[in-house]
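File shown: structure.txt (compact mmCIF, N, CA and C atoms).
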```
# COMPACT_ATOMS: atom_id res chain seq x y z
N MET A 133 102.06 123.03 114.63
CA MET A 133 101.26 121.95 115.21
C MET A 133 100.32 121.39 114.14
N LEU A 134 100.26 120.11 114.05
CA LEU A 134 99.43 119.42 113.07
C LEU A 134 97.99 119.31 113.58
N ARG A 135 97.04 119.62 112.71
CA ARG A 135 95.62 119.48 113.07
C ARG A 135 94.98 118.49 112.11
N ILE A 136 94.10 117.62 112.63
CA ILE A 136 93.34 116.69 111.81
C ILE A 136 91.92 117.22 111.74
N LEU A 137 91.44 117.48 110.54
CA LEU A 137 90.13 118.09 110.32
C LEU A 137 89.34 117.30 109.29
N ASN A 138 88.01 117.44 109.33
CA ASN A 138 87.18 116.92 108.24
C ASN A 138 87.46 117.77 107.01
N LEU A 139 87.47 117.17 105.85
CA LEU A 139 87.72 117.91 104.62
C LEU A 139 86.69 119.02 104.42
N GLN A 140 85.48 118.82 104.94
CA GLN A 140 84.45 119.86 104.83
C GLN A 140 84.88 121.15 105.52
N GLN A 141 85.74 121.06 106.52
CA GLN A 141 86.22 122.24 107.23
C GLN A 141 87.29 122.98 106.44
N THR A 142 87.85 122.32 105.43
CA THR A 142 88.93 122.91 104.63
C THR A 142 88.65 122.64 103.14
N PRO A 143 87.53 123.12 102.61
CA PRO A 143 87.17 122.78 101.23
C PRO A 143 88.22 123.22 100.20
N HIS A 144 89.02 124.21 100.54
CA HIS A 144 90.06 124.66 99.61
C HIS A 144 91.14 123.60 99.39
N LEU A 145 91.19 122.56 100.23
CA LEU A 145 92.18 121.48 100.08
C LEU A 145 91.63 120.28 99.31
N ASN A 146 90.34 120.31 98.97
CA ASN A 146 89.69 119.17 98.30
C ASN A 146 90.38 118.79 97.00
N ASN A 147 90.59 119.75 96.12
CA ASN A 147 91.19 119.43 94.81
C ASN A 147 92.60 118.88 94.96
N GLN A 148 93.38 119.44 95.88
CA GLN A 148 94.74 118.95 96.08
C GLN A 148 94.74 117.52 96.59
N LEU A 149 93.87 117.21 97.55
CA LEU A 149 93.80 115.85 98.08
C LEU A 149 93.37 114.87 97.00
N GLN A 150 92.33 115.22 96.24
CA GLN A 150 91.88 114.34 95.18
C GLN A 150 92.98 114.13 94.14
N SER A 151 93.73 115.17 93.85
CA SER A 151 94.83 115.06 92.89
C SER A 151 95.91 114.10 93.41
N TRP A 152 96.26 114.22 94.68
CA TRP A 152 97.23 113.29 95.26
C TRP A 152 96.78 111.86 95.11
N PHE A 153 95.53 111.58 95.47
CA PHE A 153 95.00 110.22 95.40
C PHE A 153 95.00 109.71 93.96
N GLN A 154 94.56 110.53 93.03
CA GLN A 154 94.50 110.11 91.62
C GLN A 154 95.90 109.88 91.05
N GLN A 155 96.87 110.70 91.44
CA GLN A 155 98.24 110.49 90.96
C GLN A 155 98.81 109.17 91.48
N GLU A 156 98.44 108.81 92.68
CA GLU A 156 98.97 107.59 93.29
C GLU A 156 98.24 106.33 92.81
N TRP A 157 96.90 106.39 92.71
CA TRP A 157 96.11 105.19 92.45
C TRP A 157 95.23 105.27 91.21
N GLY A 158 95.24 106.37 90.50
CA GLY A 158 94.32 106.52 89.38
C GLY A 158 92.94 106.85 89.91
N GLU A 159 91.93 106.32 89.31
CA GLU A 159 90.56 106.60 89.73
C GLU A 159 90.28 105.95 91.08
N ILE A 160 89.68 106.71 91.98
CA ILE A 160 89.31 106.16 93.29
C ILE A 160 87.80 106.31 93.48
N ASP A 161 87.27 105.57 94.45
CA ASP A 161 85.84 105.66 94.77
C ASP A 161 85.49 107.07 95.20
N PRO A 162 84.22 107.44 95.08
CA PRO A 162 83.81 108.77 95.57
C PRO A 162 84.21 108.95 97.03
N MET A 163 84.65 110.17 97.35
CA MET A 163 85.14 110.43 98.72
C MET A 163 84.03 110.88 99.66
N PHE A 164 82.86 111.16 99.15
CA PHE A 164 81.78 111.66 100.00
C PHE A 164 80.57 110.74 99.89
N GLY A 165 79.96 110.45 101.04
CA GLY A 165 78.76 109.62 101.06
C GLY A 165 78.09 109.72 102.41
N ASP A 166 76.84 109.35 102.46
CA ASP A 166 76.09 109.40 103.72
C ASP A 166 76.37 108.21 104.62
N LEU A 167 76.87 107.12 104.05
CA LEU A 167 77.04 105.89 104.82
C LEU A 167 78.44 105.69 105.38
N PHE A 168 79.33 106.63 105.15
CA PHE A 168 80.68 106.52 105.69
C PHE A 168 81.20 107.91 106.03
N PRO A 169 82.21 107.97 106.91
CA PRO A 169 82.72 109.27 107.35
C PRO A 169 83.31 110.10 106.21
N GLN A 170 83.34 111.40 106.42
CA GLN A 170 83.93 112.32 105.46
C GLN A 170 85.46 112.16 105.46
N PRO A 171 86.12 112.51 104.37
CA PRO A 171 87.58 112.44 104.35
C PRO A 171 88.19 113.33 105.43
N LEU A 172 89.37 112.96 105.86
CA LEU A 172 90.11 113.72 106.86
C LEU A 172 91.37 114.29 106.22
N VAL A 173 91.78 115.44 106.70
CA VAL A 173 93.03 116.04 106.24
C VAL A 173 93.89 116.39 107.45
N ALA A 174 95.19 116.23 107.26
CA ALA A 174 96.16 116.70 108.24
C ALA A 174 96.67 118.03 107.71
N VAL A 175 96.51 119.08 108.51
CA VAL A 175 96.88 120.43 108.10
C VAL A 175 98.06 120.88 108.96
N ASP A 176 99.11 121.36 108.29
CA ASP A 176 100.30 121.79 109.03
C ASP A 176 100.11 123.18 109.62
N GLU A 177 101.12 123.67 110.32
CA GLU A 177 101.02 124.96 111.02
C GLU A 177 100.83 126.14 110.08
N ASN A 178 101.14 125.97 108.79
CA ASN A 178 100.95 127.04 107.81
C ASN A 178 99.64 126.91 107.04
N GLY A 179 98.82 125.92 107.43
CA GLY A 179 97.54 125.70 106.74
C GLY A 179 97.66 124.85 105.49
N GLY A 180 98.85 124.29 105.25
CA GLY A 180 99.07 123.45 104.08
C GLY A 180 98.65 122.01 104.32
N LEU A 181 98.41 121.30 103.24
CA LEU A 181 98.01 119.90 103.31
C LEU A 181 99.22 119.03 103.61
N ALA A 182 99.20 118.36 104.76
CA ALA A 182 100.28 117.46 105.15
C ALA A 182 99.92 116.02 104.83
N GLY A 183 98.63 115.72 104.75
CA GLY A 183 98.18 114.36 104.46
C GLY A 183 96.67 114.30 104.42
N GLY A 184 96.17 113.16 103.98
CA GLY A 184 94.72 112.98 103.91
C GLY A 184 94.35 111.51 103.92
N LEU A 185 93.10 111.26 104.25
CA LEU A 185 92.57 109.91 104.35
C LEU A 185 91.12 109.94 103.89
N ALA A 186 90.72 108.92 103.11
CA ALA A 186 89.34 108.82 102.64
C ALA A 186 88.80 107.42 102.92
N PHE A 187 87.50 107.33 103.02
CA PHE A 187 86.78 106.09 103.30
C PHE A 187 85.99 105.66 102.08
N THR A 188 85.55 104.42 102.09
CA THR A 188 84.62 103.93 101.08
C THR A 188 83.76 102.84 101.70
N LEU A 189 82.72 102.47 100.99
CA LEU A 189 81.84 101.39 101.40
C LEU A 189 82.07 100.21 100.46
N ALA A 190 82.35 99.03 101.02
CA ALA A 190 82.62 97.84 100.22
C ALA A 190 82.27 96.61 101.04
N PRO A 191 82.14 95.45 100.40
CA PRO A 191 81.81 94.23 101.17
C PRO A 191 82.91 93.89 102.17
N GLU A 192 82.49 93.32 103.30
CA GLU A 192 83.45 92.78 104.27
C GLU A 192 84.29 91.71 103.57
N PRO A 193 85.44 91.34 104.15
CA PRO A 193 86.27 90.32 103.52
C PRO A 193 85.53 89.01 103.22
N ASN A 194 84.58 88.63 104.08
CA ASN A 194 83.83 87.40 103.81
C ASN A 194 82.68 87.65 102.83
N GLY A 195 82.44 88.93 102.48
CA GLY A 195 81.45 89.26 101.46
C GLY A 195 80.00 89.23 101.90
N SER A 196 79.74 89.05 103.20
CA SER A 196 78.35 88.90 103.64
C SER A 196 77.64 90.23 103.89
N HIS A 197 78.36 91.26 104.29
CA HIS A 197 77.76 92.54 104.59
C HIS A 197 78.64 93.67 104.05
N MET A 198 78.03 94.83 103.86
CA MET A 198 78.80 96.00 103.48
C MET A 198 79.48 96.57 104.73
N ALA A 199 80.65 97.15 104.53
CA ALA A 199 81.41 97.70 105.65
C ALA A 199 82.14 98.96 105.19
N VAL A 200 82.58 99.74 106.16
CA VAL A 200 83.37 100.94 105.86
C VAL A 200 84.85 100.55 105.87
N TRP A 201 85.54 101.00 104.83
CA TRP A 201 86.97 100.74 104.64
C TRP A 201 87.71 102.07 104.53
N ILE A 202 88.94 102.10 105.00
CA ILE A 202 89.84 103.20 104.64
C ILE A 202 90.24 102.91 103.20
N ASN A 203 89.94 103.85 102.34
CA ASN A 203 90.15 103.66 100.90
C ASN A 203 91.48 104.21 100.43
N ALA A 204 91.95 105.28 101.06
CA ALA A 204 93.18 105.92 100.63
C ALA A 204 93.77 106.71 101.78
N ILE A 205 95.09 106.68 101.87
CA ILE A 205 95.80 107.52 102.83
C ILE A 205 97.08 107.98 102.14
N MET A 206 97.38 109.25 102.30
CA MET A 206 98.56 109.82 101.65
C MET A 206 99.14 110.89 102.55
N VAL A 207 100.47 110.92 102.62
CA VAL A 207 101.19 111.95 103.38
C VAL A 207 102.19 112.60 102.43
N SER A 208 102.28 113.92 102.49
CA SER A 208 103.21 114.64 101.62
C SER A 208 104.64 114.22 101.96
N PRO A 209 105.50 114.10 100.95
CA PRO A 209 106.88 113.64 101.21
C PRO A 209 107.61 114.38 102.33
N PRO A 210 107.52 115.71 102.44
CA PRO A 210 108.25 116.37 103.54
C PRO A 210 107.71 116.02 104.93
N GLN A 211 106.49 115.52 105.01
CA GLN A 211 105.88 115.20 106.31
C GLN A 211 106.03 113.73 106.70
N ARG A 212 106.55 112.91 105.79
CA ARG A 212 106.66 111.47 106.07
C ARG A 212 107.65 111.21 107.19
N GLY A 213 107.36 110.17 107.98
CA GLY A 213 108.22 109.81 109.10
C GLY A 213 107.97 110.63 110.36
N ARG A 214 106.92 111.44 110.34
CA ARG A 214 106.60 112.29 111.49
C ARG A 214 105.32 111.87 112.21
N GLY A 215 104.79 110.71 111.86
CA GLY A 215 103.58 110.22 112.53
C GLY A 215 102.27 110.73 111.96
N VAL A 216 102.32 111.39 110.82
CA VAL A 216 101.10 111.95 110.23
C VAL A 216 100.10 110.84 109.87
N ALA A 217 100.58 109.78 109.23
CA ALA A 217 99.68 108.69 108.84
C ALA A 217 99.04 108.05 110.07
N SER A 218 99.81 107.84 111.12
CA SER A 218 99.24 107.27 112.35
C SER A 218 98.19 108.19 112.96
N LYS A 219 98.44 109.49 112.94
CA LYS A 219 97.45 110.42 113.47
C LYS A 219 96.17 110.40 112.64
N LEU A 220 96.30 110.28 111.33
CA LEU A 220 95.12 110.18 110.48
C LEU A 220 94.34 108.89 110.76
N ILE A 221 95.05 107.78 110.92
CA ILE A 221 94.39 106.50 111.21
C ILE A 221 93.69 106.55 112.56
N GLN A 222 94.34 107.10 113.57
CA GLN A 222 93.72 107.21 114.89
C GLN A 222 92.48 108.11 114.84
N ALA A 223 92.58 109.23 114.14
CA ALA A 223 91.43 110.13 114.02
C ALA A 223 90.31 109.47 113.24
N ALA A 224 90.65 108.71 112.21
CA ALA A 224 89.63 108.01 111.41
C ALA A 224 88.85 107.04 112.29
N THR A 225 89.57 106.31 113.12
CA THR A 225 88.93 105.34 114.01
C THR A 225 88.04 106.05 115.02
N GLU A 226 88.56 107.08 115.66
CA GLU A 226 87.78 107.81 116.66
C GLU A 226 86.51 108.40 116.05
N ARG A 227 86.63 108.99 114.89
CA ARG A 227 85.46 109.63 114.27
C ARG A 227 84.46 108.60 113.75
N ALA A 228 84.96 107.48 113.28
CA ALA A 228 84.04 106.42 112.84
C ALA A 228 83.20 105.93 114.01
N TRP A 229 83.83 105.80 115.17
CA TRP A 229 83.10 105.33 116.36
C TRP A 229 82.14 106.42 116.84
N ALA A 230 82.62 107.64 116.98
CA ALA A 230 81.85 108.71 117.60
C ALA A 230 80.78 109.30 116.69
N GLU A 231 81.13 109.55 115.44
CA GLU A 231 80.23 110.29 114.56
C GLU A 231 79.34 109.41 113.69
N HIS A 232 79.73 108.14 113.52
CA HIS A 232 78.96 107.28 112.61
C HIS A 232 78.51 105.99 113.27
N ASP A 233 78.74 105.86 114.56
CA ASP A 233 78.31 104.71 115.33
C ASP A 233 78.73 103.39 114.68
N LEU A 234 79.90 103.40 114.07
CA LEU A 234 80.44 102.17 113.49
C LEU A 234 81.15 101.39 114.58
N ASN A 235 81.25 100.08 114.41
CA ASN A 235 81.98 99.28 115.40
C ASN A 235 83.13 98.50 114.79
N ARG A 236 83.37 98.73 113.47
CA ARG A 236 84.47 98.03 112.80
C ARG A 236 84.87 98.81 111.55
N LEU A 237 86.17 98.84 111.28
CA LEU A 237 86.70 99.41 110.04
C LEU A 237 87.64 98.38 109.42
N PHE A 238 87.80 98.45 108.09
CA PHE A 238 88.72 97.58 107.37
C PHE A 238 89.66 98.42 106.52
N VAL A 239 90.79 97.82 106.14
CA VAL A 239 91.71 98.43 105.18
C VAL A 239 92.38 97.30 104.39
N ASN A 240 92.64 97.58 103.12
CA ASN A 240 93.42 96.70 102.25
C ASN A 240 94.68 97.49 101.92
N THR A 241 95.83 97.04 102.39
CA THR A 241 97.03 97.87 102.32
C THR A 241 98.28 97.06 101.99
N ASP A 242 99.26 97.76 101.45
CA ASP A 242 100.57 97.14 101.25
C ASP A 242 101.55 97.54 102.37
N ILE A 243 101.05 98.26 103.37
CA ILE A 243 101.87 98.62 104.53
C ILE A 243 101.15 98.23 105.83
N PRO A 244 100.96 96.91 106.04
CA PRO A 244 100.19 96.46 107.20
C PRO A 244 100.81 96.86 108.54
N LEU A 245 102.13 96.99 108.59
CA LEU A 245 102.79 97.35 109.86
C LEU A 245 102.30 98.69 110.38
N LEU A 246 102.02 99.64 109.49
CA LEU A 246 101.51 100.95 109.90
C LEU A 246 100.21 100.78 110.69
N TYR A 247 99.33 99.93 110.22
CA TYR A 247 98.05 99.71 110.90
C TYR A 247 98.22 98.85 112.14
N GLU A 248 99.08 97.83 112.07
CA GLU A 248 99.31 96.99 113.25
C GLU A 248 99.86 97.81 114.41
N LYS A 249 100.74 98.79 114.10
CA LYS A 249 101.28 99.68 115.14
C LYS A 249 100.17 100.51 115.79
N ASN A 250 99.06 100.66 115.08
CA ASN A 250 97.93 101.44 115.60
C ASN A 250 96.81 100.55 116.13
N GLY A 251 97.13 99.28 116.41
CA GLY A 251 96.18 98.39 117.07
C GLY A 251 95.28 97.59 116.16
N TRP A 252 95.51 97.64 114.85
CA TRP A 252 94.69 96.87 113.91
C TRP A 252 95.15 95.42 113.87
N SER A 253 94.24 94.51 113.48
CA SER A 253 94.54 93.08 113.44
C SER A 253 94.45 92.56 112.01
N LEU A 254 95.35 91.65 111.69
CA LEU A 254 95.39 91.04 110.36
C LEU A 254 94.19 90.12 110.17
N VAL A 255 93.51 90.28 109.03
CA VAL A 255 92.39 89.41 108.66
C VAL A 255 92.85 88.41 107.61
N LYS A 256 93.57 88.92 106.60
CA LYS A 256 94.00 88.08 105.49
C LYS A 256 95.26 88.67 104.88
N LYS A 257 96.25 87.82 104.61
CA LYS A 257 97.49 88.26 103.99
C LYS A 257 97.54 87.73 102.56
N GLY A 258 97.74 88.66 101.62
CA GLY A 258 97.89 88.28 100.22
C GLY A 258 99.34 88.40 99.80
N LYS A 259 99.61 88.22 98.50
CA LYS A 259 100.98 88.32 97.99
C LYS A 259 101.55 89.72 98.16
N SER A 260 100.75 90.73 97.83
CA SER A 260 101.26 92.10 97.92
C SER A 260 100.47 92.98 98.88
N ASN A 261 99.29 92.59 99.23
CA ASN A 261 98.45 93.39 100.13
C ASN A 261 97.90 92.54 101.26
N SER A 262 97.55 93.22 102.33
CA SER A 262 96.94 92.56 103.49
C SER A 262 95.66 93.29 103.85
N VAL A 263 94.69 92.55 104.35
CA VAL A 263 93.45 93.13 104.87
C VAL A 263 93.55 93.11 106.38
N LEU A 264 93.28 94.27 106.99
CA LEU A 264 93.30 94.40 108.43
C LEU A 264 91.99 95.00 108.90
N THR A 265 91.72 94.84 110.19
CA THR A 265 90.52 95.41 110.77
C THR A 265 90.82 95.96 112.16
N THR A 266 89.98 96.86 112.59
CA THR A 266 89.98 97.32 113.97
C THR A 266 88.54 97.30 114.44
N VAL A 267 88.35 96.93 115.67
CA VAL A 267 87.01 96.77 116.24
C VAL A 267 86.87 97.69 117.43
N LYS A 268 85.73 98.34 117.50
CA LYS A 268 85.44 99.23 118.63
C LYS A 268 85.38 98.42 119.92
N THR A 269 86.08 98.91 120.93
CA THR A 269 86.03 98.25 122.22
C THR A 269 84.94 98.92 123.06
N LYS A 270 84.37 98.15 123.93
CA LYS A 270 83.33 98.69 124.83
C LYS A 270 83.97 99.67 125.77
N SER A 271 83.29 100.82 125.95
CA SER A 271 83.86 101.81 126.88
C SER A 271 83.11 101.85 128.17
```

Mind turning this structure into structure tokens?
Amino acid sequence: MLRILNLQQTPHLNNQLQSWFQQEWGEIDPMFGDLFPQPLVAVDENGGLAGGLAFTLAPEPNGSHMAVWINAIMVSPPQRGRGVASKLIQAATERAWAEHDLNRLFVNTDIPLLYEKNGWSLVKKGKSNSVLTTVKTKS
């Protein structure tokens, strides 16, 4: 069974997650900060890293205010196609709303369909990347 946890709950996976992100994208923004949620990890039934997601703080697409963005998401090759990325995105949204009182998240991605399947809306489409957002609904 897959579990989604804060990286703080599994500090032994920190170096592996950072290594995955750096191998894929080179240098990335700091993964820890007071103004955005902590990174999330998907942990498989054996306690291994199945995937991870990190946030960052950056200007909104219109540049008027700072906002929280999903900065990186990665799933291990053997776990791909099993819904791990969607579970990480859903958990990221839930935790952003519940733990950080955020009402909007953004992502800049080359796989917009993954986010659209999870209820995100297109903000801007570029040649290779798209910016999407999700907004907290009133409960």

Exercise. Just how far from atom N of Asn194 in chain A is atom C of Leu137 in chain A, in Å to one decimal?
Worked result: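 These atoms are spaced 29.5 Å apart.
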
Problem set entry | DSSP alpha helix (DSSP H) residues within range 171-260 of chain A, as JSON, numbers by chain | {"A": [216, 217, 218, 219, 220, 221, 222, 223, 224, 225, 226, 227, 228, 229, 230, 231, 232, 244, 245, 246, 247, 248]}

Counting only N, CA and C atoms, which residues of range 215-252 of chain A sit at most 6.5 Å from some atom of range 264-267 of chain A, and what is each one's closest atom pair with its distance in Å to one decimal, listed by chain and rising residue number, as CSV?
```
residue,atom,partner,partner_atom,distance
A:Asn235,C,A:Val267,CA,4.5
A:Arg236,CA,A:Thr266,C,4.4
A:Leu237,C,A:Thr266,N,4.2
A:Phe238,CA,A:Thr265,CA,4.4
A:Val239,C,A:Leu264,N,4.1
A:Asn240,N,A:Leu264,N,5.1
A:Thr241,N,A:Leu264,N,5.9
A:Gly251,C,A:Thr266,CA,5.7
A:Trp252,CA,A:Thr265,C,4.3
```

Problem set entry | Two-atom distance - CA of Thr225 in chain A, CA of Glu159 in chain A (Å) |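 So the answer is 24.4 Å.
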
For this session: Identify which of the residues A:Ala174, A:Ala199, A:Ala190, A:Thr269 lies closest to Lys219 in chain A, counting all atoms listed in the file when measuring atom-to-atom distances.
Result: A:Ala174

Exercise. With only N, CA and C atoms as the basis for distance, which of A:Val175, A:Ser253, A:Leu181, A:Leu246 is at the shortest distance from Gln148 in chain A?
Worked result: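 Once distances to Gln148 in chain A are computed over only N, CA and C atoms, the minimum belongs to A:Leu181.
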
With 6 Å on each side, where is the centre of the axis-aligned box around all listed atoms of range 241-255 of chain A, and how long are its edges in Å to one decimal, as AutoDock Vina command-line options?
```
--center_x 97.6 --center_y 94.9 --center_z 109.2 --size_x 22.4 --size_y 25.0 --size_z 27.8
```
